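Q: Here's a structure for you.
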Amino acid sequence: MSPLIAGNWKMNGLTHSLDELSELARLLTTGEAPRALVVVCPPATLLAAVAAQGASSGIIAGGQDCHANASGAHTGDISAGMLADAGAQYVIVGHSERRNDHAETSDTVRAKAEAAIGSGLKPIICVGETESQRDAGEAESVVAGQLAASIPDAAEQHEVIVAYEPVWAIGTGRTPTLDEISQMHNAIRARLADRFGERGETIRILYGGSLKPQNAREILGVDNVNGGLVGGASLLAKDFYTIISAV
Ligand code: PGA
């Protein structure tokens with residue numbers, strides 16, 4: 001399984017940010033060939049440009065969210081088919097910022113993942129505990145519940161990616177210890193194998209939450225960490241490239 005590094009630009013990026021993408025493309029094509037699949041998830045306004053501009057350097061475009069329905073009266077929303085039409089191959093669903101800001105439940109997330117699969121996209125399904133849940137010793141049970149409800153049965157036949165992102169590590173500069181990451185990723189692998197058998201062994205499990213050039217090598221080296229979902233550090237080509245190169 002080749003590792004996958006996805007950059008999540010969140011609500012950041014204007015036309016001039018495509019300069020960073022050009023710089024990333026330059027780094028990726030002049031240096032040693034990356035060992036990871038490289039996905040960039042810009043805001044929807046830049047998706048088509050990222051897909052077009054990234055293609056020649058192997059950068060794959062992804063969306064940050066999609067609606068569960070294919071079309072209709074949903075002002076401001078974007079369907080999975082629209083993302084695919086704009087050139088996306090992946091879409092993040094269930095990011096904790098969506099779960100919090102938009103009260104998305106795991107049932108909603110599962111419906112979005114199903115819509116993504118239906119449009120030929122690979123959903124990156126996010127799970128992760130809050131700090132108080134971890135302090136209460138509930139991290140593994142919370143994540144297990146999110147996995148069970150957020151991953152559609154269609155994952156049996158279609159590619160999905162899981163991203164473990166402890167909510168308290170996102171944008172904070174704090175990360176779990178390597179032992180904690182290892183324990184959680186092993187627990188997720190066990191759940192996936194229980195539910196999907198051999199196929200569950202092949203589902204990538206990304207780590208996300210303050211993944212930086214300084215900690216990427218050790219975190220990405222943990223067993224059952226099959227790549228990363230990178231927020232802040234994906235905005236600068238140099239930093240994102242360093243993380244990609246750490247694979
Ligand atoms: P961060 O964000 O790397 O800025 O912590 C990760 C994410 O939210 O995907």
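Naming scheme: A, B, ... for chains in displayed order of the structure tokens; residues 1 onward per chain; ligands 1 onward as shown.
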Going by DSSP on the backbone, which bits of stretch 103-235 of chain A are strand (DSSP E)? Write them as a ChimeraX atom specification, please.

A: /A:122-127,161-164,204-208,227-230

Q: Hey, which residues come within 7 Å of ligand 1 if we count only C-alpha atoms and all ligand atoms? Could you give them as a ChimeraX atom specification?

A: /A:8,165,169-173,208-211,229-233

Q: For stretch 152-162 of chain A, list every protein, DNA or RNA residue within 8 Å, evaluated using only C-alpha atoms, and leave out those in the same chain fewer than 3 positions away; present the list as a PyMOL selection string.

A: chain A and resi 110-111+113-114+117+122-127+149+196+199+203-206

Q: May I have the residues from that selection written out with N, CA and C atoms, as a PDB file, in the first residue's frame?

A:
```
ATOM      1  N   ARG A 110     -21.543   9.281   6.901  1.00  0.00           N
ATOM      2  CA  ARG A 110     -21.656   8.048   6.119  1.00  0.00           C
ATOM      3  C   ARG A 110     -22.406   8.309   4.804  1.00  0.00           C
ATOM      4  N   ALA A 111     -23.476   9.105   4.891  1.00  0.00           N
ATOM      5  CA  ALA A 111     -24.240   9.414   3.671  1.00  0.00           C
ATOM      6  C   ALA A 111     -23.365  10.180   2.677  1.00  0.00           C
ATOM      7  N   ALA A 113     -20.085   9.966   2.475  1.00  0.00           N
ATOM      8  CA  ALA A 113     -19.096   9.010   1.956  1.00  0.00           C
ATOM      9  C   ALA A 113     -19.737   8.145   0.864  1.00  0.00           C
ATOM     10  N   GLU A 114     -20.994   7.766   1.081  1.00  0.00           N
ATOM     11  CA  GLU A 114     -21.701   6.970   0.059  1.00  0.00           C
ATOM     12  C   GLU A 114     -21.870   7.782  -1.226  1.00  0.00           C
ATOM     13  N   ILE A 117     -18.556   7.910  -3.066  1.00  0.00           N
ATOM     14  CA  ILE A 117     -18.281   6.645  -3.775  1.00  0.00           C
ATOM     15  C   ILE A 117     -19.154   6.557  -5.025  1.00  0.00           C
ATOM     16  N   LYS A 122     -12.906   8.968  -3.890  1.00  0.00           N
ATOM     17  CA  LYS A 122     -12.465   8.187  -2.730  1.00  0.00           C
ATOM     18  C   LYS A 122     -12.634   9.059  -1.492  1.00  0.00           C
ATOM     19  N   PRO A 123     -13.520   8.690  -0.587  1.00  0.00           N
ATOM     20  CA  PRO A 123     -13.715   9.525   0.596  1.00  0.00           C
ATOM     21  C   PRO A 123     -12.611   9.322   1.630  1.00  0.00           C
ATOM     22  N   ILE A 124     -12.152  10.425   2.185  1.00  0.00           N
ATOM     23  CA  ILE A 124     -11.215  10.392   3.322  1.00  0.00           C
ATOM     24  C   ILE A 124     -12.069  10.671   4.555  1.00  0.00           C
ATOM     25  N   ILE A 125     -12.377   9.630   5.298  1.00  0.00           N
ATOM     26  CA  ILE A 125     -13.358   9.716   6.383  1.00  0.00           C
ATOM     27  C   ILE A 125     -12.627  10.001   7.701  1.00  0.00           C
ATOM     28  N   CYS A 126     -12.938  11.155   8.305  1.00  0.00           N
ATOM     29  CA  CYS A 126     -12.204  11.583   9.498  1.00  0.00           C
ATOM     30  C   CYS A 126     -12.907  11.150  10.787  1.00  0.00           C
ATOM     31  N   VAL A 127     -12.101  10.732  11.743  1.00  0.00           N
ATOM     32  CA  VAL A 127     -12.582  10.389  13.086  1.00  0.00           C
ATOM     33  C   VAL A 127     -11.581  10.952  14.092  1.00  0.00           C
ATOM     34  N   ALA A 149     -20.157   3.973  12.488  1.00  0.00           N
ATOM     35  CA  ALA A 149     -21.290   4.701  11.906  1.00  0.00           C
ATOM     36  C   ALA A 149     -20.914   5.529  10.673  1.00  0.00           C
ATOM     37  N   PHE A 196     -14.266  -5.708   7.736  1.00  0.00           N
ATOM     38  CA  PHE A 196     -14.090  -5.882   6.282  1.00  0.00           C
ATOM     39  C   PHE A 196     -13.134  -7.019   5.912  1.00  0.00           C
ATOM     40  N   ARG A 199      -9.938  -7.032   3.204  1.00  0.00           N
ATOM     41  CA  ARG A 199      -9.994  -5.687   2.640  1.00  0.00           C
ATOM     42  C   ARG A 199      -9.678  -4.633   3.708  1.00  0.00           C
ATOM     43  N   ILE A 203      -7.060  -0.818   3.867  1.00  0.00           N
ATOM     44  CA  ILE A 203      -7.579   0.558   3.958  1.00  0.00           C
ATOM     45  C   ILE A 203      -6.513   1.443   4.615  1.00  0.00           C
ATOM     46  N   ARG A 204      -6.154   2.517   3.931  1.00  0.00           N
ATOM     47  CA  ARG A 204      -5.149   3.411   4.517  1.00  0.00           C
ATOM     48  C   ARG A 204      -5.709   4.114   5.752  1.00  0.00           C
ATOM     49  N   ILE A 205      -4.881   4.224   6.784  1.00  0.00           N
ATOM     50  CA  ILE A 205      -5.242   4.987   7.980  1.00  0.00           C
ATOM     51  C   ILE A 205      -4.241   6.141   8.097  1.00  0.00           C
ATOM     52  N   LEU A 206      -4.715   7.353   7.831  1.00  0.00           N
ATOM     53  CA  LEU A 206      -3.842   8.535   7.905  1.00  0.00           C
ATOM     54  C   LEU A 206      -3.848   9.086   9.323  1.00  0.00           C
TER      55      LEU A 206
END
```

Q: Per residue of stretch 80-189 of chain A within 12 Å of stretch 49-54 of chain A, record the nearest atom pair and its distance in Å to one decimal, counting only C-alpha atoms, with rows in chain order and ascending residue number, as a tab-separated table.

A:
```
residue	atom	partner	partner_atom	distance
A:Leu83	CA	A:Ala51	CA	10.3
A:Ala84	CA	A:Ala51	CA	10.1
A:Asp85	CA	A:Ala51	CA	10.4
A:Ala86	CA	A:Ala51	CA	7.4
A:Gly87	CA	A:Ala51	CA	5.3
A:Ala88	CA	A:Ala51	CA	6.6
A:Gln89	CA	A:Ala51	CA	9.0
A:Tyr90	CA	A:Ala51	CA	11.1
```

Q: Print the selection's residues with C-alpha atoms to a file, as an mmCIF file, in the first residue's frame.

A:
```cif
data_model
loop_
_atom_site.group_PDB
_atom_site.id
_atom_site.type_symbol
_atom_site.label_atom_id
_atom_site.label_comp_id
_atom_site.auth_asym_id
_atom_site.auth_seq_id
_atom_site.Cartn_x
_atom_site.Cartn_y
_atom_site.Cartn_z
ATOM 1 C CA LEU A 83 -16.277 17.835 -7.263
ATOM 2 C CA ALA A 84 -15.580 14.976 -9.658
ATOM 3 C CA ASP A 85 -16.611 17.186 -12.564
ATOM 4 C CA ALA A 86 -14.085 19.801 -11.416
ATOM 5 C CA GLY A 87 -11.328 17.190 -11.422
ATOM 6 C CA ALA A 88 -11.309 15.897 -7.841
ATOM 7 C CA GLN A 89 -10.498 12.259 -7.127
ATOM 8 C CA TYR A 90 -10.796 12.411 -3.343
#
```

Q: At what distance in Å, to one decimal, does atom CA of A:Gly221 lie from atom CA of A:Val247?

A: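 Separating atom CA of A:Val247 from atom CA of A:Gly221 is a distance of 7.6 Å.
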
Q: Please report, as an MDAnalysis selection string, each residue of chain A to which DSSP assigns alpha helix (DSSP H) when run on this structure's backbone.

A: chainID A and resid 18:30 47:54 80:85 96:101 106:118 131:135 139:150 178:196 216:220 237:245

Q: Taking C-alpha atoms for each residue, export the selection above as a short mmCIF file (atom, residue, chain, number, x, y, z; two decimals), in the first residue's frame.

A:
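And here is the file that came out, again-v5.cif:
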```cif
data_model
loop_
_atom_site.label_atom_id
_atom_site.label_comp_id
_atom_site.auth_asym_id
_atom_site.auth_seq_id
_atom_site.Cartn_x
_atom_site.Cartn_y
_atom_site.Cartn_z
CA LEU A 18 -1.61 28.60 -6.87
CA ASP A 19 1.98 29.87 -6.83
CA GLU A 20 2.56 27.54 -3.85
CA LEU A 21 1.12 24.71 -5.91
CA SER A 22 3.54 25.51 -8.74
CA GLU A 23 6.39 25.50 -6.26
CA LEU A 24 5.22 22.16 -4.84
CA ALA A 25 5.04 20.77 -8.38
CA ARG A 26 8.58 22.00 -9.03
CA LEU A 27 9.89 20.36 -5.85
CA LEU A 28 8.09 17.11 -6.62
CA THR A 29 9.40 16.89 -10.16
CA THR A 30 12.98 18.05 -9.63
CA LEU A 47 -10.43 22.97 -7.16
CA ALA A 48 -10.54 22.99 -10.95
CA ALA A 49 -7.34 25.04 -11.13
CA VAL A 50 -5.53 22.69 -8.73
CA ALA A 51 -6.71 19.65 -10.69
CA ALA A 52 -5.55 21.14 -13.98
CA GLN A 53 -2.29 22.58 -12.71
CA GLY A 54 -1.36 19.60 -10.54
CA ALA A 80 -19.74 14.85 -4.99
CA GLY A 81 -20.54 14.81 -8.71
CA MET A 82 -19.61 18.49 -8.97
CA LEU A 83 -16.28 17.83 -7.26
CA ALA A 84 -15.58 14.98 -9.66
CA ASP A 85 -16.61 17.19 -12.56
CA SER A 96 -14.06 17.57 13.04
CA GLU A 97 -14.53 21.17 11.90
CA ARG A 98 -17.54 20.02 9.85
CA ARG A 99 -18.79 17.83 12.68
CA ASN A 100 -18.54 20.82 15.07
CA ASP A 101 -19.34 23.86 12.92
CA SER A 106 -21.62 10.12 11.81
CA ASP A 107 -24.82 9.19 9.96
CA THR A 108 -24.48 12.35 7.85
CA VAL A 109 -20.83 11.58 7.28
CA ARG A 110 -21.66 8.05 6.12
CA ALA A 111 -24.24 9.41 3.67
CA LYS A 112 -21.63 11.82 2.30
CA ALA A 113 -19.10 9.01 1.96
CA GLU A 114 -21.70 6.97 0.06
CA ALA A 115 -22.38 9.92 -2.25
CA ALA A 116 -18.65 10.31 -2.83
CA ILE A 117 -18.28 6.65 -3.77
CA GLY A 118 -21.33 6.93 -6.01
CA GLU A 131 -9.45 16.17 24.73
CA SER A 132 -12.04 15.55 27.44
CA GLN A 133 -12.94 12.22 25.86
CA ARG A 134 -9.27 11.22 25.89
CA ASP A 135 -8.87 12.39 29.49
CA ALA A 139 -10.68 7.82 23.06
CA GLU A 140 -10.76 4.30 21.60
CA SER A 141 -14.47 3.75 22.19
CA VAL A 142 -15.39 7.15 20.71
CA VAL A 143 -13.31 6.47 17.61
CA ALA A 144 -14.73 2.94 17.31
CA GLY A 145 -18.24 4.37 17.39
CA GLN A 146 -17.39 6.97 14.75
CA LEU A 147 -15.81 4.31 12.52
CA ALA A 148 -18.78 1.99 12.80
CA ALA A 149 -21.29 4.70 11.91
CA SER A 150 -19.27 6.80 9.44
CA LEU A 178 4.10 7.91 19.30
CA ASP A 179 2.80 5.16 21.62
CA GLU A 180 -0.64 6.75 21.71
CA ILE A 181 -0.69 7.07 17.92
CA SER A 182 0.44 3.48 17.55
CA GLN A 183 -2.19 2.21 19.97
CA MET A 184 -5.00 4.08 18.21
CA HIS A 185 -3.94 3.13 14.70
CA ASN A 186 -3.63 -0.52 15.73
CA ALA A 187 -7.10 -0.34 17.29
CA ILE A 188 -8.53 1.19 14.10
CA ARG A 189 -6.82 -1.49 11.99
CA ALA A 190 -8.34 -4.19 14.19
CA ARG A 191 -11.85 -2.71 13.78
CA LEU A 192 -11.43 -2.45 10.01
CA ALA A 193 -10.19 -6.04 9.80
CA ASP A 194 -13.08 -7.23 11.97
CA ARG A 195 -15.62 -5.57 9.73
CA PHE A 196 -14.09 -5.88 6.28
CA ALA A 216 6.61 13.89 10.22
CA ARG A 217 9.41 11.35 10.00
CA GLU A 218 8.73 9.74 13.37
CA ILE A 219 4.91 9.88 13.16
CA LEU A 220 4.78 8.56 9.59
CA ALA A 237 5.07 24.19 -0.50
CA LYS A 238 8.41 23.82 1.27
CA ASP A 239 6.85 22.48 4.48
CA PHE A 240 4.41 20.21 2.70
CA TYR A 241 7.19 18.84 0.50
CA THR A 242 9.32 18.12 3.57
CA ILE A 243 6.44 16.11 5.04
CA ILE A 244 5.92 14.22 1.75
CA SER A 245 9.65 13.50 1.62
#
```
